[in-house]
Amino acid sequence: MPSLPTDGGLGAGTPLEVLVVSDVSGRASNAGGVPVAAGALTEALAGLPDANVTLLTAGDTEPHGDARIVSVPRDPDIRWASQQLQEMPPNSAPEDVPGMPSRAEWRPDIVIGHSRFSGPAALAVRKHWYPEAKLCHVVHMPVQRYAEIQGRPKEVQETLVGLERAVLAEADLAVGVGKLLTDVGRAMAAENPRQPAFHELLPGSDVSGPAVRPPLGDTFNILFTGRVNDDIKGYDHLLDVVSELRDRGFDVRLRVRGVPEPYVDAERRRAADRLGEAGVAVILPYTSDLAELAEDYAVSHAAVLPSLIEGFGLVALDAAKAGLVTKSARESGVAELFLDTRVPGAEHIGRSFVVPDLGLDRGARVAVWVEDLIHTIRNYEEDSAAAARLGAELRNNYTWPYAAVGMARAVRNLAHDPHAHTVQGPKGVLLDGDGRRLLPPGAHGAAPGRGFDGVDFPRGLADSPGPQARGAGAAAPKSGARWPPGQQPHRRGR
């Protein structure tokens, strides 16, 4: 980790020193969307040429690109890794952790935590180790709505919300993964006397390559990816939808990806019982193998996100980026993106791919989904062409590297406006809450007192400035950074 001057900070000319605290991180964790998004964002931030990223986690993890990984061995007496990370800072110094330099050698500019799982731990790290650092809290889940739908008691709902509200009370920047979660973060923080800045991040995807467009044959294949044992995901509603479609004469087949390996056979039997026939549903285990996910897309005509509520819906974004016809429930972050004017043709895309099931009971939801899918089956060529256009727009404008660019710009913008509401636009452009582009201070057209310090684009991206475009105050390349003795990182995962 590079050494910073004691007055190092968020302005241009200084590398952005980032410490990410995450109890689990990465797709291989097999622990849901939060660690997938957290890991992808960490790797993308580490790919910025003027950011140096350290990931502090517990137990084994996968490589995260150029990020330096400091992993604390798991304590078998502490049930949760998140709890272990939270309890560590009050009782130790950074140099007590193998791989972490002392405060005299290095300090981060910003400490990042994710949701209620590692947000409290990030707060503890900032409070006890790096009180001068900024604190960023990333909101991944609509905690209270989840708890309501799951039927948890009011006191449990308040406890869960209280965990994140306490972090937001001390945060300098709250980042929502999509508009829905940015609004959730704002609502959770509303009662706090101290308000952070807010930034709306639009996530990327690991999907690459040309759009998928399987021909329509005698059967219509629907892909569901996610946890079948979570009522929030709407899987049982989907089984009713498939059953109704088949009763009405449509040869619909269901491909289910994401069942834990030990339960695949049991879920296969349950699906056959619900659908009245074996073989209608293909039940597959969770996988982190992108080739297997690509095969799912290649044999499917439509992907569905029938969740009662979904904070964002990365699995739907992955499918949409693959060019697959993707149907999303209305109360989801990905639906907000499909309807957003930042995506060209959003009005048509919204009509095509967002199912108007908001607030409906089970029977009414099933009926709406049945009619929507019948429309797609009958108009598959039109919907498939629209999906290809949407996939191209998303692949070109909303990637994890662009998300990192936008977030780094939002972090640096704190020096100019500590209470800003910023939004990630296409290709990482930083917008204000009204959709106007924020310009660097002093740039032509920049409003007095507004703007952000420039951040270089990751290497290889469109719009990436060449070496000659770096300003005189731009940060030195990583290869020229100074590192404490014995702390030179190994390049991992590249």
# chains A, B, ... in the order shown; residues from 1 in each chain; ligands from 1

$ residues_around --residues "segment 351-359 of chain A" --least-positions-apart "5" --cutoff "10 Å" --atoms "only C-alpha atoms" --output "PyMOL selection string"
chain A and resi 304-309+320+325-332+334-336+338-339+346+364-369+371-373+375-376+382-383+386-387

$ write_last_selection --atoms "N, CA and C atoms" --output "compact mmCIF listing (two decimals), in the first residue's frame"
# COMPACT_ATOMS: atom_id res chain seq x y z
N VAL A 304 -36.29 -14.36 -16.01
CA VAL A 304 -37.31 -13.70 -15.20
C VAL A 304 -36.78 -13.38 -13.81
N LEU A 305 -37.24 -12.25 -13.29
CA LEU A 305 -36.96 -11.84 -11.91
C LEU A 305 -38.32 -11.57 -11.26
N PRO A 306 -38.97 -12.62 -10.75
CA PRO A 306 -40.33 -12.46 -10.23
C PRO A 306 -40.39 -12.07 -8.76
N SER A 307 -39.31 -11.53 -8.22
CA SER A 307 -39.23 -11.21 -6.80
C SER A 307 -40.36 -10.29 -6.36
N LEU A 308 -40.82 -10.48 -5.11
CA LEU A 308 -41.79 -9.56 -4.54
C LEU A 308 -41.16 -8.19 -4.38
N ILE A 309 -39.91 -8.16 -4.00
CA ILE A 309 -39.09 -6.94 -4.02
C ILE A 309 -37.66 -7.39 -4.21
N ALA A 320 -29.86 -9.43 -19.02
CA ALA A 320 -30.14 -8.34 -19.96
C ALA A 320 -28.90 -7.96 -20.74
N VAL A 325 -34.09 -11.60 -23.53
CA VAL A 325 -35.34 -10.98 -23.08
C VAL A 325 -35.43 -11.18 -21.57
N THR A 326 -35.52 -10.10 -20.83
CA THR A 326 -35.45 -10.16 -19.37
C THR A 326 -36.66 -9.47 -18.77
N LYS A 327 -37.45 -10.22 -18.02
CA LYS A 327 -38.67 -9.70 -17.39
C LYS A 327 -38.41 -9.49 -15.90
N SER A 328 -38.66 -8.27 -15.44
CA SER A 328 -38.39 -7.93 -14.04
C SER A 328 -39.66 -7.48 -13.34
N ALA A 329 -39.80 -7.90 -12.09
CA ALA A 329 -40.85 -7.35 -11.23
C ALA A 329 -40.66 -5.85 -11.10
N ARG A 330 -41.76 -5.14 -10.87
CA ARG A 330 -41.69 -3.67 -10.85
C ARG A 330 -40.90 -3.14 -9.67
N GLU A 331 -41.03 -3.76 -8.49
CA GLU A 331 -40.34 -3.23 -7.30
C GLU A 331 -38.94 -3.83 -7.23
N SER A 332 -38.08 -3.32 -8.09
CA SER A 332 -36.70 -3.79 -8.14
C SER A 332 -35.82 -2.69 -8.69
N VAL A 334 -33.36 -3.08 -10.81
CA VAL A 334 -33.11 -3.25 -12.24
C VAL A 334 -34.30 -2.73 -13.05
N ALA A 335 -35.52 -2.82 -12.51
CA ALA A 335 -36.67 -2.24 -13.20
C ALA A 335 -36.54 -0.73 -13.27
N GLU A 336 -36.05 -0.12 -12.18
CA GLU A 336 -35.82 1.33 -12.20
C GLU A 336 -34.83 1.70 -13.31
N PHE A 338 -34.26 -0.08 -16.12
CA PHE A 338 -34.91 -0.29 -17.42
C PHE A 338 -35.82 0.88 -17.78
N LEU A 339 -36.38 1.55 -16.77
CA LEU A 339 -37.29 2.66 -17.00
C LEU A 339 -36.59 4.01 -17.02
N ALA A 346 -35.66 4.19 -23.15
CA ALA A 346 -36.14 3.62 -21.89
C ALA A 346 -37.65 3.42 -21.87
N ALA A 364 -53.18 -12.35 -8.32
CA ALA A 364 -53.14 -11.26 -9.29
C ALA A 364 -51.76 -11.15 -9.93
N ARG A 365 -50.71 -11.38 -9.15
CA ARG A 365 -49.35 -11.34 -9.72
C ARG A 365 -49.20 -12.43 -10.77
N VAL A 366 -49.64 -13.63 -10.44
CA VAL A 366 -49.53 -14.75 -11.38
C VAL A 366 -50.25 -14.41 -12.68
N ALA A 367 -51.44 -13.83 -12.57
CA ALA A 367 -52.21 -13.49 -13.77
C ALA A 367 -51.49 -12.47 -14.63
N VAL A 368 -50.89 -11.45 -14.00
CA VAL A 368 -50.17 -10.42 -14.74
C VAL A 368 -48.94 -11.01 -15.43
N TRP A 369 -48.21 -11.87 -14.71
CA TRP A 369 -47.02 -12.49 -15.30
C TRP A 369 -47.40 -13.43 -16.46
N GLU A 371 -49.98 -13.16 -18.53
CA GLU A 371 -50.32 -12.37 -19.71
C GLU A 371 -49.08 -11.71 -20.32
N ASP A 372 -48.16 -11.27 -19.47
CA ASP A 372 -46.95 -10.63 -19.97
C ASP A 372 -46.10 -11.62 -20.76
N LEU A 373 -45.97 -12.83 -20.25
CA LEU A 373 -45.15 -13.83 -20.95
C LEU A 373 -45.85 -14.32 -22.22
N HIS A 375 -47.59 -12.45 -24.13
CA HIS A 375 -47.28 -11.38 -25.10
C HIS A 375 -45.88 -11.58 -25.68
N THR A 376 -44.92 -11.92 -24.83
CA THR A 376 -43.55 -12.13 -25.32
C THR A 376 -43.47 -13.35 -26.23
N GLU A 382 -39.89 -9.40 -31.97
CA GLU A 382 -39.84 -7.98 -31.61
C GLU A 382 -39.17 -7.77 -30.26
N ASP A 383 -39.58 -8.58 -29.25
CA ASP A 383 -38.98 -8.44 -27.92
C ASP A 383 -37.51 -8.82 -27.93
N ALA A 386 -35.51 -5.96 -29.32
CA ALA A 386 -35.39 -4.90 -28.30
C ALA A 386 -34.40 -5.30 -27.22
N ALA A 387 -34.39 -6.58 -26.84
CA ALA A 387 -33.45 -7.05 -25.82
C ALA A 387 -32.02 -6.94 -26.31

$ residues_around --residues "Ala408 of chain A" --least-positions-apart "5" --cutoff "9 Å" --atoms "only C-alpha atoms" --output "MDAnalysis selection string"
chainID A and resid 16 45 48 51 403 413 455

$ closest_residue --among "A:Thr341, A:Asn221, A:Asn52, A:Ser118" --to "Asp251 of chain A" --atoms "only C-alpha atoms"
A:Asn221

$ closest_residue --among "A:Asp289, A:Asp432, A:Glu87, A:Asp23" --to "Thr61 of chain A" --atoms "only C-alpha atoms"
A:Asp23

$ select_by_dssp --residues "segment 166-284 of chain A" --states "strand (DSSP E)" --output "JSON, numbers by chain"
{"A": [173, 174, 175, 176, 177, 197, 198, 199, 200, 201, 220, 221, 222, 223, 224, 225, 252, 253, 254, 255, 256, 257, 258, 259, 281, 282, 283, 284]}

$ write_last_selection --atoms "C-alpha atoms" --output "compact mmCIF listing (two decimals), in the first residue's frame"
# COMPACT_ATOMS: atom_id res chain seq x y z
CA LEU A 173 -20.99 8.98 1.74
CA ALA A 174 -23.92 6.61 1.29
CA VAL A 175 -23.89 4.64 -1.95
CA GLY A 176 -27.02 2.89 -3.18
CA VAL A 177 -26.79 0.12 -5.76
CA ALA A 197 -23.72 12.70 0.75
CA PHE A 198 -25.55 10.20 -1.47
CA HIS A 199 -24.36 8.53 -4.65
CA GLU A 200 -26.37 6.28 -6.94
CA LEU A 201 -24.19 3.53 -8.38
CA PHE A 220 -40.40 -21.57 -24.78
CA ASN A 221 -37.62 -21.79 -22.21
CA ILE A 222 -37.67 -19.55 -19.12
CA LEU A 223 -34.61 -19.04 -16.92
CA PHE A 224 -34.85 -18.37 -13.18
CA THR A 225 -31.63 -17.72 -11.27
CA VAL A 252 -43.17 -23.63 -21.51
CA ARG A 253 -40.12 -25.15 -19.81
CA LEU A 254 -38.33 -23.79 -16.76
CA ARG A 255 -34.59 -23.77 -16.13
CA VAL A 256 -33.69 -23.09 -12.49
CA ARG A 257 -30.12 -22.17 -11.57
CA GLY A 258 -28.95 -21.65 -8.00
CA VAL A 259 -30.19 -24.51 -5.83
CA ALA A 281 -38.29 -27.91 -14.81
CA VAL A 282 -34.54 -28.43 -15.10
CA ILE A 283 -33.04 -27.87 -11.64
CA LEU A 284 -29.36 -26.94 -11.53

$ residues_around --residues "segment 78-81 of chain A" --least-positions-apart "4" --cutoff "8 Å" --atoms "only C-alpha atoms" --output "ChimeraX atom specification"
/A:23-24,58-59,74,85

$ residues_around --residues "His128 of chain A" --least-positions-apart "5" --cutoff "10 Å" --atoms "only C-alpha atoms" --output "PyMOL selection string"
chain A and resi 88-94+123

$ write_last_selection --atoms "C-alpha atoms" --output "CSV table (one decimal), in the first residue's frame"
chain,number,residue,atom,x,y,z
A,88,MET,CA,-11.2,-6.5,16.1
A,89,PRO,CA,-10.5,-2.7,15.9
A,90,PRO,CA,-11.4,-1.7,19.5
A,91,ASN,CA,-9.0,-4.4,20.8
A,92,SER,CA,-6.1,-4.1,18.4
A,93,ALA,CA,-4.0,-1.8,16.2
A,94,PRO,CA,-3.7,-2.1,12.4
A,123,LEU,CA,-17.5,1.9,11.1

$ atom_distance --atom1 "atom CA of Arg227 of chain A" --atom2 "atom CA of Ala302 of chain A"
18.1 Å

$ select_by_dssp --residues "segment 269-426 of chain A" --states "helix (DSSP H, G or I)" --output "count of residues only"
88

$ decode --residues "segment 44-178 of chain A" --atoms "C-alpha atoms" --output "CSV table (one decimal), in the first residue's frame"
chain,number,residue,atom,x,y,z
A,44,ALA,CA,-12.9,-2.4,-10.4
A,45,LEU,CA,-11.8,0.3,-7.9
A,46,ALA,CA,-8.4,-1.4,-7.8
A,47,GLY,CA,-8.2,-1.2,-11.6
A,48,LEU,CA,-8.3,2.6,-11.5
A,49,PRO,CA,-4.8,3.9,-12.2
A,50,ASP,CA,-5.0,6.5,-9.4
A,51,ALA,CA,-6.5,4.4,-6.7
A,52,ASN,CA,-4.9,1.9,-4.4
A,53,VAL,CA,-7.2,-0.6,-2.8
A,54,THR,CA,-6.9,-2.9,0.2
A,55,LEU,CA,-9.5,-5.5,1.0
A,56,LEU,CA,-9.8,-6.5,4.7
A,57,THR,CA,-11.7,-9.7,5.1
A,58,ALA,CA,-11.9,-12.8,7.3
A,59,GLY,CA,-11.0,-16.3,6.1
A,60,ASP,CA,-10.2,-17.4,2.6
A,61,THR,CA,-11.2,-15.4,-0.4
A,62,GLU,CA,-10.6,-15.2,-4.1
A,63,PRO,CA,-8.2,-12.8,-5.9
A,64,HIS,CA,-9.7,-9.3,-6.5
A,65,GLY,CA,-7.5,-8.1,-9.4
A,66,ASP,CA,-5.0,-5.4,-8.3
A,67,ALA,CA,-6.4,-5.2,-4.8
A,68,ARG,CA,-4.2,-6.1,-1.9
A,69,ILE,CA,-5.9,-8.7,0.3
A,70,VAL,CA,-5.4,-8.8,4.0
A,71,SER,CA,-7.3,-11.8,5.4
A,72,VAL,CA,-7.8,-12.4,9.1
A,73,PRO,CA,-7.9,-16.1,10.0
A,74,ARG,CA,-11.4,-17.0,11.1
A,75,ASP,CA,-12.0,-17.4,14.8
A,76,PRO,CA,-13.9,-20.6,15.4
A,77,ASP,CA,-15.4,-19.1,18.6
A,78,ILE,CA,-17.1,-16.3,16.7
A,79,ARG,CA,-20.0,-17.4,14.6
A,80,TRP,CA,-20.0,-14.6,12.0
A,81,ALA,CA,-17.1,-13.2,10.1
A,82,SER,CA,-18.8,-9.8,10.2
A,83,GLN,CA,-18.9,-9.9,14.0
A,84,GLN,CA,-15.2,-10.9,14.2
A,85,LEU,CA,-14.2,-7.9,12.0
A,86,GLN,CA,-16.4,-5.6,14.0
A,87,GLU,CA,-14.9,-6.7,17.3
A,88,MET,CA,-11.2,-6.5,16.1
A,89,PRO,CA,-10.5,-2.7,15.9
A,90,PRO,CA,-11.4,-1.7,19.5
A,91,ASN,CA,-9.0,-4.4,20.8
A,92,SER,CA,-6.1,-4.1,18.4
A,93,ALA,CA,-4.0,-1.8,16.2
A,94,PRO,CA,-3.7,-2.1,12.4
A,95,GLU,CA,-0.1,-3.5,12.8
A,96,ASP,CA,-1.5,-6.3,15.0
A,97,VAL,CA,-3.1,-7.8,11.8
A,98,PRO,CA,-0.7,-9.7,9.6
A,99,GLY,CA,-0.2,-7.8,6.4
A,100,MET,CA,-1.5,-4.5,7.6
A,101,PRO,CA,1.1,-1.6,8.0
A,102,SER,CA,1.1,0.7,11.0
A,103,ARG,CA,-0.8,4.0,11.0
A,104,ALA,CA,2.6,5.7,10.7
A,105,GLU,CA,3.2,3.8,7.4
A,106,TRP,CA,-0.2,4.1,5.8
A,107,ARG,CA,-3.7,5.5,6.2
A,108,PRO,CA,-6.7,5.2,3.9
A,109,ASP,CA,-8.6,8.2,2.6
A,110,ILE,CA,-11.8,6.3,2.7
A,111,VAL,CA,-13.1,3.1,4.4
A,112,ILE,CA,-15.9,1.3,2.6
A,113,GLY,CA,-18.4,-1.2,4.2
A,114,HIS,CA,-21.2,-3.1,2.6
A,115,SER,CA,-24.8,-3.3,4.0
A,116,ARG,CA,-25.5,-4.5,7.6
A,117,PHE,CA,-23.0,-7.3,7.1
A,118,SER,CA,-19.8,-5.3,7.0
A,119,GLY,CA,-21.0,-1.7,7.5
A,120,PRO,CA,-20.7,-1.9,11.3
A,121,ALA,CA,-17.2,-3.4,11.0
A,122,ALA,CA,-16.2,-0.6,8.6
A,123,LEU,CA,-17.5,1.9,11.1
A,124,ALA,CA,-15.4,0.3,13.9
A,125,VAL,CA,-12.3,0.4,11.7
A,126,ARG,CA,-12.8,4.1,10.9
A,127,LYS,CA,-13.6,5.0,14.5
A,128,HIS,CA,-10.7,3.1,16.2
A,129,TRP,CA,-8.0,2.9,13.5
A,130,TYR,CA,-8.5,5.8,11.0
A,131,PRO,CA,-10.7,8.5,12.5
A,132,GLU,CA,-9.4,11.0,9.9
A,133,ALA,CA,-10.7,8.9,7.0
A,134,LYS,CA,-14.0,9.3,5.3
A,135,LEU,CA,-16.6,6.5,5.7
A,136,CYS,CA,-18.6,5.1,2.9
A,137,HIS,CA,-21.6,2.8,3.4
A,138,VAL,CA,-22.9,0.8,0.5
A,139,VAL,CA,-26.7,0.0,0.7
A,140,HIS,CA,-27.4,-3.4,-1.0
A,141,MET,CA,-30.8,-4.4,0.5
A,142,PRO,CA,-34.2,-2.8,1.3
A,143,VAL,CA,-33.9,-4.3,4.8
A,144,GLN,CA,-37.2,-3.3,6.2
A,145,ARG,CA,-39.3,-4.3,3.2
A,146,TYR,CA,-37.5,-7.7,3.2
A,147,ALA,CA,-38.3,-8.2,6.8
A,148,GLU,CA,-41.9,-7.2,6.3
A,149,ILE,CA,-42.4,-9.6,3.5
A,150,GLN,CA,-40.7,-12.4,5.5
A,151,GLY,CA,-43.2,-11.7,8.3
A,152,ARG,CA,-40.6,-10.8,10.9
A,153,PRO,CA,-41.8,-9.1,14.0
A,154,LYS,CA,-41.6,-5.3,14.2
A,155,GLU,CA,-38.9,-5.3,16.8
A,156,VAL,CA,-36.7,-7.5,14.5
A,157,GLN,CA,-37.4,-5.1,11.6
A,158,GLU,CA,-36.3,-2.2,13.7
A,159,THR,CA,-33.1,-4.0,14.9
A,160,LEU,CA,-32.1,-4.8,11.3
A,161,VAL,CA,-32.7,-1.2,10.1
A,162,GLY,CA,-31.0,0.2,13.2
A,163,LEU,CA,-27.8,-1.5,12.3
A,164,GLU,CA,-27.5,0.4,9.0
A,165,ARG,CA,-29.0,3.6,10.4
A,166,ALA,CA,-26.2,3.7,13.0
A,167,VAL,CA,-23.6,3.4,10.3
A,168,LEU,CA,-25.3,6.0,8.1
A,169,ALA,CA,-25.3,8.4,11.1
A,170,GLU,CA,-21.5,8.4,10.9
A,171,ALA,CA,-21.0,8.0,7.2
A,172,ASP,CA,-19.7,10.7,4.9
A,173,LEU,CA,-21.0,9.0,1.7
A,174,ALA,CA,-23.9,6.6,1.3
A,175,VAL,CA,-23.9,4.6,-2.0
A,176,GLY,CA,-27.0,2.9,-3.2
A,177,VAL,CA,-26.8,0.1,-5.8
A,178,GLY,CA,-29.4,1.6,-8.1
